[in-house]
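Read through the structure below, which is laid out as structure tokens, and then see the notes.
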Amino acid sequence: MARNTDYTRIEKRAKVRKGVGNTITYTLLAFWAIVVLFPFYWMILTSVKSYSSYNSEYIPKFYTLSPTLQNYKDAFTAVPLARYFTNTLIFTVVTTAIMLVVITLAAFAFARLEFKGKNIAFLIFLSLMMIPNELVIITNFVTVTNWNMRNSFAGLILPSITSVFYIYLLKENFEQIPDSLYYAAKVDGTSDLKYLLKVMIPIARPTLITITILKVIECWNSYVWPRLITDDQNYFLVSNGIQEIRENGFGRENIPAMMAAVVVISVPLIVLFLIFRDKVMAGVSQGGTKG
């Protein structure tokens with residue numbers, strides 16, 4: 001009887017400790033969520049405030065009683081924001097599509113094919129990750145300028161069609177696929193390209209989806225290279241459009257209109273991540289072989 005009482009006390013204490021631990025954990029997570037999400041809330045709140053009401057607030061208010069959508073209308077009329085969206089969409093889709101072809105073929109070659117000097121070539125390839133971005137931008141700028149590709153989609157897209165990191169990530173994923181599958185396919189007379197398309201790509205689909213989403217986000221947020229290689233509004237992206245809005249659109253003092261433009265530009269990426277968040281997590285955490 002005494003033992004049962006002791007077990008009951010131990011269980012109660014364990015439950016209490018677990019409850020306290022869960023309470024602390026969820027409290028910290030809730031606090032961190034507020035810290036992370038507050039800038040987005042403030043951005044949206046500011047975007048629905050009128051210019052006059054925003055400037056009349058000596059102490060910032062965390063709410064508004066008279067929201068307006070005029071700022072969003074101004075975002076599309078002060079500058080050609082719709083054109084910037086179209087340019088960004090073209091740049092993102094074309095760059096991502098070409099990059100997927102390039103990195104898939106490169107990763108397949110390094111992971112499955114045998115050729116002289118493969119390991120040394122891959123080691124040299126990886127060493128490119130050690131080169132600072134600034135040096136790459138300078139060499140790319142000189143090359144694109146010499147090829148007369150400034151103020152063109154070709155000049156925007158060309159330096160972004162490959163990635164050493166994505167090739168490495170996909171190569172590691174391909175190498176998890178057993179060699180026996182490859183040898184069995186070769187016995188059946190399957191070509192390397194068909195094996196890649198029918199076996200390796202379906203197995204590595206979560207990783208490819210993750211790479212695609214990360215590349216889309218990278219292209220959408222691209223700022224330095226487009227700003228450097230284009231000075232023609234016909235080729236501005238949304239990231240450059242923000243600066244154009246600030247300088248020649250609303251003016252630097254019209255913060256609500258600026259926030260409305262930022263909201264419009266941010267929404268596609270937020271929606272994309274919310275739709276494919278499970279795929280992103282699956283691709284990042286994928287281990288072993290799926291089939």
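Letters A, B, ... go to the chains of the structure tokens in the order shown; residues in each chain start at 1; ligands are counted from 1 in the same order.
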Would you mind writing down, as an MDAnalysis selection string, each residue of stretch 113-287 of chain A that DSSP on the backbone assigns to helix (DSSP H, G or I)?
chainID A and resid 118:130 133:146 153:160 164:175 179:187 192:203 205:220 224:229 233:235 238:249 255:285
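In this comparison, which uses only C-alpha atoms, the residue of A:Ala261, A:Ala78, A:Leu169, A:Ile255 approaching A:Tyr54 most closely is A:Ile255.
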Compile the contact shell of stretch 96-109 of chain A as a list in words: residues with an atom at most 8 Å away, counting only C-alpha atoms, same-chain residues fewer than 5 positions apart removed.
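The neighbour list is Glu114, Ser160, Ile161, Thr162, Ser163, Tyr166, Ile167, Tyr168, Leu170, Lys171, Phe174, Leu196, Leu208, Thr212, Lys215 and Val216 of chain A.
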Could you write out the selected residues, including C-alpha atoms, as a compact mmCIF listing (two decimals), in the first residue's frame?
```txt
# COMPACT_ATOMS: atom_id res chain seq x y z
CA GLU A 114 32.31 8.09 -63.10
CA SER A 160 21.85 33.43 -61.22
CA ILE A 161 21.30 30.21 -63.19
CA THR A 162 23.49 28.03 -61.00
CA SER A 163 24.36 27.56 -57.33
CA TYR A 166 22.17 23.69 -54.34
CA ILE A 167 24.30 21.33 -56.45
CA TYR A 168 25.97 20.05 -53.30
CA LEU A 170 21.09 17.73 -54.43
CA LYS A 171 24.21 15.62 -54.95
CA PHE A 174 21.14 11.61 -55.02
CA LEU A 196 17.51 10.46 -63.83
CA LEU A 208 13.85 19.84 -55.43
CA THR A 212 12.68 25.76 -55.97
CA LYS A 215 15.33 30.10 -55.25
CA VAL A 216 12.01 31.85 -55.86
```
A:Ala75 surroundings by only C-alpha atoms, 9 Å radius, close-in-sequence under 4 positions cut, as a count of residues only
13
Mind checking which residues fall within 12 Å of A:Leu272, counting only C-alpha atoms, ignoring those fewer than 5 positions away in the same chain, and posting them as a ChimeraX atom specification?
/A:209-210,212-214,216-217,220,266-267,277-280
Same residues, C-alpha atoms, output as a JSON list (two decimals), in the first residue's frame:
```
[["chain", "number", "residue", "atom", "x", "y", "z"],
["A", 209, "ILE", "CA", 10.68, 21.53, -54.19],
["A", 210, "THR", "CA", 12.62, 23.06, -51.30],
["A", 212, "THR", "CA", 12.68, 25.76, -55.97],
["A", 213, "ILE", "CA", 10.96, 27.68, -53.18],
["A", 214, "LEU", "CA", 14.24, 28.98, -51.78],
["A", 216, "VAL", "CA", 12.01, 31.85, -55.86],
["A", 217, "ILE", "CA", 12.41, 33.73, -52.58],
["A", 220, "TRP", "CA", 12.03, 37.86, -55.53],
["A", 266, "SER", "CA", 5.54, 40.73, -49.58],
["A", 267, "VAL", "CA", 2.19, 38.95, -49.93],
["A", 277, "ARG", "CA", 5.74, 25.02, -45.73],
["A", 278, "ASP", "CA", 5.34, 21.26, -45.22],
["A", 279, "LYS", "CA", 7.27, 20.57, -48.42],
["A", 280, "VAL", "CA", 10.06, 22.87, -47.30]]
```
Distance in Å - atom CA of A:Ile44 versus atom CA of A:Val263
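Atom CA of A:Val263 lies 6.7 Å from atom CA of A:Ile44.
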